file run-v6.txt (compact mmCIF, C-alpha atoms and all ligand atoms)
# COMPACT_ATOMS: atom_id res chain seq x y z
CA MET A 1 0.00 0.00 0.00
CA PHE A 2 2.85 2.44 0.80
CA ALA A 3 5.98 1.14 -0.89
CA ASN A 4 5.64 3.43 -3.95
CA LYS A 5 4.11 6.42 -2.21
CA LYS A 6 5.62 9.89 -2.53
CA ILE A 7 6.24 12.31 0.30
CA VAL A 8 4.30 15.46 -0.59
CA GLU A 9 4.45 18.93 0.98
CA ASN A 10 0.81 19.94 1.11
CA PHE A 11 -2.14 18.18 2.67
CA SER A 12 -4.80 16.51 0.57
CA LEU A 13 -7.07 13.65 1.67
CA SER A 14 -6.05 11.67 -1.43
CA GLU A 15 -2.35 11.65 -0.42
CA HIS A 16 -0.59 9.22 1.92
CA ILE A 17 2.48 10.97 3.35
CA VAL A 18 2.67 14.74 4.00
CA VAL A 19 5.71 16.53 5.46
CA TYR A 20 4.98 20.25 5.69
CA PHE A 21 7.94 22.61 6.17
CA GLY A 22 6.47 25.46 8.23
CA ASP A 23 4.23 26.38 11.12
CA CYS A 24 1.75 23.70 12.17
CA LEU A 25 -1.11 26.21 12.23
CA ASP A 26 -0.62 26.79 8.50
CA LEU A 27 -0.78 23.04 7.85
CA LEU A 28 -3.75 22.55 10.16
CA ARG A 29 -5.77 25.26 8.36
CA THR A 30 -5.57 23.21 5.14
CA ILE A 31 -7.00 20.04 6.72
CA PRO A 32 -10.76 19.42 6.40
CA ASN A 33 -13.02 19.20 9.46
CA ASP A 34 -13.42 15.80 11.18
CA SER A 35 -10.90 14.07 8.90
CA ILE A 36 -8.08 12.87 11.18
CA GLN A 37 -8.39 9.71 13.26
CA LEU A 38 -5.33 10.21 15.50
CA ILE A 39 -3.43 13.37 16.41
CA VAL A 40 -0.32 12.52 18.36
CA THR A 41 2.44 14.91 19.26
CA SER A 42 5.05 16.13 21.65
CA PRO A 43 4.98 19.94 21.54
CA PRO A 44 7.89 22.14 22.60
CA TYR A 45 7.96 22.30 26.42
CA ASN A 46 9.11 25.93 26.49
CA ILE A 47 12.31 24.99 28.33
CA GLY A 48 14.76 26.60 25.89
CA LYS A 49 15.68 23.60 23.70
CA GLU A 50 17.58 24.50 20.55
CA TYR A 51 14.36 24.57 18.46
CA GLU A 52 12.33 26.86 20.73
CA LYS A 53 12.39 30.34 22.20
CA ARG A 54 11.52 30.40 25.88
CA LEU A 55 8.24 32.29 26.13
CA LYS A 56 6.29 33.77 29.01
CA LEU A 57 4.05 30.93 30.18
CA GLU A 58 0.89 32.80 29.25
CA LEU A 59 2.09 33.24 25.67
CA TYR A 60 3.09 29.56 25.51
CA PHE A 61 -0.40 28.50 26.62
CA ASN A 62 -1.99 30.81 24.05
CA GLN A 63 0.09 29.17 21.33
CA GLN A 64 -0.87 25.70 22.57
CA TYR A 65 -4.52 26.78 22.78
CA ASN A 66 -4.53 27.87 19.12
CA VAL A 67 -2.95 24.61 17.94
CA ILE A 68 -5.25 22.43 20.07
CA LYS A 69 -8.31 24.35 18.81
CA GLU A 70 -7.39 23.58 15.18
CA CYS A 71 -6.61 19.94 16.08
CA VAL A 72 -10.07 19.53 17.63
CA ARG A 73 -11.65 20.90 14.44
CA CYS A 74 -9.72 18.40 12.24
CA LEU A 75 -10.34 15.42 14.54
CA SER A 76 -12.78 12.71 13.46
CA PRO A 77 -15.78 12.21 15.77
CA LEU A 78 -14.36 8.70 16.44
CA GLY A 79 -10.84 10.02 16.85
CA SER A 80 -8.21 10.52 19.55
CA ILE A 81 -5.72 13.21 20.53
CA CYS A 82 -2.58 12.15 22.43
CA TRP A 83 -0.46 15.02 23.79
CA GLN A 84 2.88 13.84 25.17
CA VAL A 85 4.45 16.25 27.67
CA GLY A 86 6.87 16.56 30.56
CA ASN A 87 7.60 19.39 32.95
CA TYR A 88 8.17 23.07 32.44
CA VAL A 89 11.04 23.99 34.78
CA GLU A 90 11.75 27.45 36.17
CA LYS A 91 14.55 28.02 38.67
CA GLY A 92 14.32 24.41 39.82
CA SER A 93 10.58 24.57 40.34
CA ILE A 94 8.52 22.28 38.10
CA ILE A 95 5.09 22.67 36.49
CA PRO A 96 3.76 19.40 34.99
CA LEU A 97 2.50 20.60 31.61
CA ASP A 98 -0.30 18.03 31.41
CA THR A 99 -1.99 19.56 34.43
CA VAL A 100 -2.07 23.02 32.91
CA LEU A 101 -3.01 21.88 29.38
CA TYR A 102 -5.82 19.61 30.65
CA PRO A 103 -8.44 22.40 30.90
CA ILE A 104 -7.77 23.51 27.33
CA PHE A 105 -8.80 20.06 26.05
CA THR A 106 -11.80 19.63 28.33
CA ASN A 107 -13.08 23.15 27.59
CA PHE A 108 -13.30 22.04 23.94
CA GLY A 109 -15.57 19.21 25.11
CA LEU A 110 -12.98 16.43 24.80
CA LYS A 111 -13.07 13.54 27.24
CA MET A 112 -9.95 12.22 28.88
CA ARG A 113 -9.48 8.44 28.58
CA ASN A 114 -6.04 7.91 30.10
CA ARG A 115 -3.05 9.68 31.47
CA VAL A 116 -0.33 7.23 30.47
CA ILE A 117 2.91 7.36 32.42
CA TRP A 118 5.82 6.85 30.05
CA HIS A 119 8.71 5.68 32.23
CA PHE A 120 12.32 5.63 30.97
CA GLU A 121 15.78 5.34 32.52
CA HIS A 122 17.85 8.08 30.90
CA GLY A 123 17.88 11.82 31.50
CA LEU A 124 19.39 14.66 33.47
CA HIS A 125 20.72 13.84 36.92
CA CYS A 126 19.25 16.31 39.39
CA SER A 127 20.97 17.19 42.62
CA ARG A 128 18.24 19.23 44.35
CA ARG A 129 15.23 16.99 43.49
CA PHE A 130 14.66 13.45 42.26
CA SER A 131 15.75 12.98 38.66
CA GLY A 132 12.76 13.03 36.30
CA ARG A 133 12.22 9.56 34.85
CA TYR A 134 8.73 9.78 33.40
CA GLU A 135 6.62 11.94 31.17
CA THR A 136 2.92 11.59 30.38
CA ILE A 137 0.69 11.03 27.38
CA ILE A 138 -2.71 12.57 27.94
CA TRP A 139 -5.30 10.88 25.73
CA PHE A 140 -8.59 12.58 24.85
CA THR A 141 -11.46 11.61 22.54
CA LYS A 142 -14.00 13.76 20.77
CA SER A 143 -16.96 11.54 21.65
CA ASP A 144 -17.92 8.42 23.58
CA GLU A 145 -18.04 6.46 20.30
CA TYR A 146 -14.27 6.54 19.88
CA PHE A 147 -12.38 3.74 18.12
CA PHE A 148 -10.15 1.61 20.37
CA ASN A 149 -8.76 -1.85 19.65
CA LEU A 150 -6.72 -3.52 22.38
CA ASP A 151 -5.89 -6.74 20.56
CA PRO A 152 -2.89 -5.61 18.46
CA ILE A 153 -1.15 -4.14 21.51
CA ARG A 154 -1.76 -6.79 24.14
CA VAL A 155 1.32 -7.88 26.10
CA PRO A 156 2.17 -11.33 27.52
CA GLN A 157 0.38 -12.38 30.69
CA LYS A 158 2.39 -12.91 33.84
CA TYR A 159 0.90 -16.44 34.17
CA PRO A 160 -0.26 -17.24 30.63
CA GLY A 161 -1.43 -20.79 31.32
CA LYS A 162 -3.57 -19.93 34.35
CA LYS A 163 -7.00 -21.65 34.38
CA TYR A 164 -10.16 -21.49 36.51
CA PHE A 165 -9.96 -24.36 38.97
CA LYS A 166 -13.63 -24.43 39.99
CA GLY A 167 -17.05 -23.16 38.95
CA PRO A 168 -18.70 -23.29 35.52
CA ASN A 169 -15.46 -22.28 33.73
CA ALA A 170 -13.22 -24.81 35.49
CA GLY A 171 -10.39 -25.91 33.20
CA LYS A 172 -10.74 -22.92 30.86
CA TYR A 173 -8.15 -20.18 30.64
CA SER A 174 -8.85 -17.42 33.15
CA CYS A 175 -6.85 -14.91 31.14
CA ASN A 176 -7.25 -13.61 27.59
CA PRO A 177 -5.14 -15.95 25.40
CA LEU A 178 -4.21 -12.95 23.19
CA GLY A 179 -2.41 -11.32 26.11
CA LYS A 180 -3.26 -8.64 28.62
CA ASN A 181 -3.98 -4.92 28.47
CA PRO A 182 -0.60 -3.11 28.69
CA GLY A 183 -1.94 -0.80 31.41
CA ASP A 184 -1.23 2.89 31.76
CA LEU A 185 2.39 2.69 32.87
CA TRP A 186 4.64 2.10 29.87
CA ASN A 187 8.29 1.26 30.36
CA ILE A 188 9.84 2.14 27.00
CA PRO A 189 13.44 3.36 26.61
CA ASN A 190 13.76 6.98 25.54
CA VAL A 191 15.94 7.88 22.57
CA LYS A 192 19.27 8.87 24.13
CA CYS A 193 22.97 7.92 23.66
CA ASN A 194 23.13 4.41 22.27
CA HIS A 195 19.51 4.02 21.25
CA VAL A 196 19.42 2.62 17.71
CA GLU A 197 17.05 5.41 16.55
CA LYS A 198 19.14 8.35 17.84
CA THR A 199 19.59 11.28 15.43
CA ASP A 200 20.75 14.87 16.02
CA HIS A 201 17.34 15.84 17.32
CA PRO A 202 17.40 16.35 21.12
CA CYS A 203 14.02 14.71 21.90
CA GLN A 204 12.70 12.15 19.48
CA PHE A 205 9.85 9.78 20.19
CA PRO A 206 10.86 6.12 20.16
CA VAL A 207 8.92 4.60 17.23
CA GLU A 208 7.51 1.79 19.42
CA LEU A 209 5.79 4.34 21.70
CA ILE A 210 3.76 5.73 18.80
CA GLU A 211 3.15 2.31 17.24
CA ARG A 212 1.14 1.39 20.34
CA LEU A 213 -1.11 4.41 19.88
CA VAL A 214 -1.44 3.96 16.12
CA LEU A 215 -2.35 0.27 16.40
CA SER A 216 -4.92 0.74 19.13
CA MET A 217 -6.56 4.01 17.99
CA THR A 218 -6.66 3.77 14.16
CA LYS A 219 -7.50 1.39 11.32
CA GLU A 220 -5.59 0.84 8.08
CA GLY A 221 -5.94 3.82 5.72
CA ASP A 222 -6.76 6.29 8.55
CA TRP A 223 -4.88 9.57 8.92
CA VAL A 224 -2.35 10.13 11.74
CA LEU A 225 -1.24 13.74 12.24
CA ASP A 226 1.67 15.18 14.23
CA PRO A 227 1.64 19.01 14.33
CA PHE A 228 5.18 19.13 15.85
CA LEU A 229 6.76 16.46 13.67
CA GLY A 230 10.46 16.70 14.56
CA THR A 231 12.21 13.74 12.90
CA GLY A 232 9.05 12.21 11.47
CA THR A 233 8.54 9.46 14.06
CA SER A 234 4.74 9.65 14.06
CA ILE A 235 4.61 9.30 10.27
CA ILE A 236 7.01 6.35 10.43
CA ALA A 237 4.84 4.57 13.01
CA ALA A 238 1.75 5.31 10.88
CA ILE A 239 3.01 4.08 7.51
CA ARG A 240 4.63 1.02 9.08
CA HIS A 241 1.08 -0.11 9.85
CA LYS A 242 -0.53 1.08 6.59
CA ARG A 243 -1.98 4.30 7.98
CA ARG A 244 -1.50 7.70 6.28
CA GLY A 245 0.75 10.21 8.00
CA ALA A 246 1.09 14.01 8.03
CA GLY A 247 3.07 16.52 10.06
CA ALA A 248 4.60 20.00 10.20
CA GLU A 249 8.07 21.06 11.26
CA THR A 250 9.60 24.55 11.31
CA VAL A 251 13.31 23.63 11.39
CA GLU A 252 14.64 22.74 7.94
CA ARG A 253 17.32 20.38 9.31
CA TYR A 254 14.64 18.29 11.04
CA VAL A 255 12.41 18.34 7.97
CA GLU A 256 15.32 16.82 6.03
CA LEU A 257 15.89 14.25 8.78
CA ALA A 258 12.18 13.36 8.77
CA ARG A 259 12.14 12.88 4.99
CA LYS A 260 15.29 10.74 5.13
CA ARG A 261 13.92 8.51 7.89
CA ILE A 262 10.53 8.14 6.18
CA LYS A 263 12.28 7.12 2.94
CA GLU A 264 14.34 4.58 4.87
CA GLU A 265 11.13 3.23 6.41
CA LEU A 266 9.62 2.90 2.94
CA ASP A 267 12.77 1.07 1.70
CA GLY A 268 12.76 -1.16 4.77
CA THR A 269 16.19 0.07 5.90
CA LEU A 270 15.26 2.21 8.93
CA ARG A 271 16.67 0.66 12.10
CA THR A 272 14.32 0.83 15.07
CA ARG A 273 13.98 -0.82 18.44
CA PRO A 274 11.30 -3.51 18.05
CA MET A 275 8.00 -3.16 19.93
CA ASP A 276 7.92 -5.22 23.12
CA LYS A 277 11.66 -5.98 23.13
CA PRO A 278 12.45 -6.60 26.82
CA ILE A 279 14.08 -3.76 28.72
CA TYR A 280 17.85 -4.10 29.13
CA ASP A 281 18.70 -5.75 32.41
CA PRO A 282 22.41 -5.42 33.29
CA LYS A 283 22.37 -8.54 35.47
CA GLU A 284 20.72 -10.72 32.83
CA ALA A 285 23.04 -9.31 30.19
CA GLY A 286 25.99 -10.56 32.25
CA ASN A 287 27.30 -7.09 32.95
CA SER A 288 30.40 -7.41 35.08
CA LEU A 289 29.05 -4.79 37.49
CA LYS A 290 26.60 -7.28 39.00
CA ILE A 291 27.01 -6.08 42.56
CA SER A 292 27.97 -2.52 43.24
CA PRO A 293 31.63 -2.34 44.20
CA TRP A 294 30.92 -0.30 47.30
CA SER A 295 28.32 -2.66 48.81
CA ASN A 296 30.13 -5.98 48.55
CA PRO A 297 33.23 -5.34 50.67
CA GLN A 298 31.13 -3.29 53.04
CA GLU A 299 28.67 -6.19 53.57
CA ASP A 300 31.64 -8.46 54.09
CA LYS A 301 33.10 -6.17 56.69
CA GLN A 302 29.78 -5.91 58.51
CA LEU A 303 29.45 -9.69 58.54
CA LYS A 304 32.93 -10.13 59.94
CA LEU A 305 32.15 -7.61 62.64
CA ILE A 306 29.03 -9.55 63.65
CA GLU A 307 30.90 -12.87 63.58
CA TYR A 308 33.64 -11.38 65.71
CA PHE A 309 31.09 -9.90 68.08
CA ASP A 310 29.30 -13.27 68.39
CA ASP A 311 32.58 -15.03 69.07
CA HIS A 312 33.39 -12.50 71.66
CA GLN A 313 30.02 -12.85 73.42
CA THR A 314 30.14 -16.61 73.67
CA LYS A 315 33.47 -16.60 75.30
C1 LIG B 401 9.50 17.85 21.08
S1 LIG B 401 9.95 18.04 19.43
C2 LIG B 401 9.11 16.73 18.63
C3 LIG B 401 9.99 15.58 18.26
C4 LIG B 401 9.25 14.45 17.57
N1 LIG B 401 8.27 13.86 18.46
C5 LIG B 401 10.20 13.36 17.06
O1 LIG B 401 9.96 12.18 17.31
O2 LIG B 401 11.20 13.70 16.43
C6 LIG B 401 9.03 19.43 18.94
C7 LIG B 401 9.30 19.86 17.50
O3 LIG B 401 8.37 20.86 17.12
C8 LIG B 401 9.01 21.77 16.24
N2 LIG B 401 8.20 23.01 16.26
C9 LIG B 401 8.23 24.02 17.18
N3 LIG B 401 7.28 24.93 16.90
C10 LIG B 401 6.64 24.49 15.79
C11 LIG B 401 5.54 24.98 15.03
N4 LIG B 401 4.94 26.13 15.35
N5 LIG B 401 5.12 24.27 13.96
C12 LIG B 401 5.72 23.09 13.64
N6 LIG B 401 6.77 22.57 14.32
C13 LIG B 401 7.22 23.27 15.38
C14 LIG B 401 10.41 21.88 16.81
O4 LIG B 401 11.35 22.32 15.85
C15 LIG B 401 10.67 20.43 17.28
O5 LIG B 401 11.37 19.70 16.30

call {"tool": "encode", "arguments": {"input": "run-v6.txt", "output": "structure tokens"}}
result
Amino acid sequence: MFANKKIVENFSLSEHIVVYFGDCLDLLRTIPNDSIQLIVTSPPYNIGKEYEKRLKLELYFNQQYNVIKECVRCLSPLGSICWQVGNYVEKGSIIPLDTVLYPIFTNFGLKMRNRVIWHFEHGLHCSRRFSGRYETIIWFTKSDEYFFNLDPIRVPQKYPGKKYFKGPNAGKYSCNPLGKNPGDLWNIPNVKCNHVEKTDHPCQFPVELIERLVLSMTKEGDWVLDPFLGTGTSIIAAIRHKRRGAGAETVERYVELARKRIKEELDGTLRTRPMDKPIYDPKEAGNSLKISPWSNPQEDKQLKLIEYFDDHQTK
């Protein structure tokens, strides 16, 4: 369905892949009402990353309000909006952006379905507060008739062979044989350092994070839109599963990166971390640093002290 598709610059419902170089509001204004099944994005957090100017919070919220308003207009009545955000930080004091953006969505009549915690291991090491190791995805729908399909994103059960042992279902599986609901706490590595998807962009989505949303909230042929496209991850996740993808990006360098990665995806050469690959466990991987060097000798010393003390007492 997608192998021979072109990447075009302007939105049209008859296209399959749209990468718009420019402001997302300009792209959004060209998209018909009620036409997009999934809008998924990570907007700038207003924390002074290389692609953003730090704005007064009020101005930042106004900008977000204008983008969200246009997104709601474009969203299908069966559709979903997923806004992925972290914290705004000022002089060491944090404001979780989902809490302040929440009223914008609900004032447009959207209903919140989940606040997914995306947990990861890498990030800044803080010295005056606990290091931030999660961000959130706030998921809203336009109506109660929204599309949601759990089956393609189920994860293995903890006890897959568990059966009812009494009652009318005795002997039958007590769990869903297709796997369980992944829940609302997702442990997915973020794209830092050695991650196979790492580019020059400072905060890419991992493709597997968006695949989960695409697979559960859209059908083949549906449109997936990312107003703050960055390196094109949302389009990659969409076309990988035969959905159409569109997005806007204001920085030319990232637009080029997005096009390159999308072409690699179409050719089948883009390297990504597979969905549901287990999280790296240093012990299981045989990492030589199995026990921290400072605890082992210390434990030893403590033991010897106790042994000595016991010896001493019994004498
Ligand atoms: C948090 S990053 C998104 C990264 C993306 N999720 C990915 O996987 O690469 C936000 C992006 O929005 C872009 N951006 C900022 N303001 C924009 C605007 N008004 N319209 C379109 N893109 C914008 C920035 O250049 C940046 O690349």

call {"tool": "residues_around", "arguments": {"input": "run-v6.txt", "residues": "A:Ile153", "least_positions_apart": "6", "cutoff": "10 Å", "atoms": "all atoms listed in the file", "output": "CSV table (one decimal) with C-alpha atoms, keeping the file's coordinate frame"}}
result
chain,number,residue,atom,x,y,z
A,178,LEU,CA,-4.2,-13.0,23.2
A,179,GLY,CA,-2.4,-11.3,26.1
A,180,LYS,CA,-3.3,-8.6,28.6
A,181,ASN,CA,-4.0,-4.9,28.5
A,182,PRO,CA,-0.6,-3.1,28.7
A,211,GLU,CA,3.2,2.3,17.2
A,212,ARG,CA,1.1,1.4,20.3
A,213,LEU,CA,-1.1,4.4,19.9
A,214,VAL,CA,-1.4,4.0,16.1
A,215,LEU,CA,-2.4,0.3,16.4
A,216,SER,CA,-4.9,0.7,19.1
A,275,MET,CA,8.0,-3.2,19.9
A,276,ASP,CA,7.9,-5.2,23.1

call {"tool": "residues_near_ligand", "arguments": {"input": "run-v6.txt", "ligand": "ligand LIG 401 (chain B)", "cutoff": "7 Å", "atoms": "all atoms listed in the file", "output": "ChimeraX atom specification"}}
result
/A:22-25,41-44,51-52,201,203-206,227-234,248-251,254

call {"tool": "closest_residue", "arguments": {"input": "run-v6.txt", "among": "A:Ile31, A:Ile68, A:Ile137, A:Tyr60", "to": "A:Glu15", "atoms": "all atoms listed in the file"}}
result
A:Ile31

call {"tool": "residues_around", "arguments": {"input": "run-v6.txt", "residues": "A:Val89", "least_positions_apart": "5", "cutoff": "9 Å", "atoms": "all atoms listed in the file", "output": "list in words"}}
result
Asn46, Ile47, Ile94, Ile95 and Pro96 of chain A

call {"tool": "closest_residue", "arguments": {"input": "run-v6.txt", "among": "A:Lys192, A:Ile210, A:Pro202, A:Val19", "to": "A:Glu256", "atoms": "all atoms listed in the file"}}
result
A:Val19

call {"tool": "closest_residue", "arguments": {"input": "run-v6.txt", "among": "A:Tyr20, A:Arg133, A:Trp186, A:Asp26", "to": "A:Glu252", "atoms": "all atoms listed in the file"}}
result
A:Tyr20
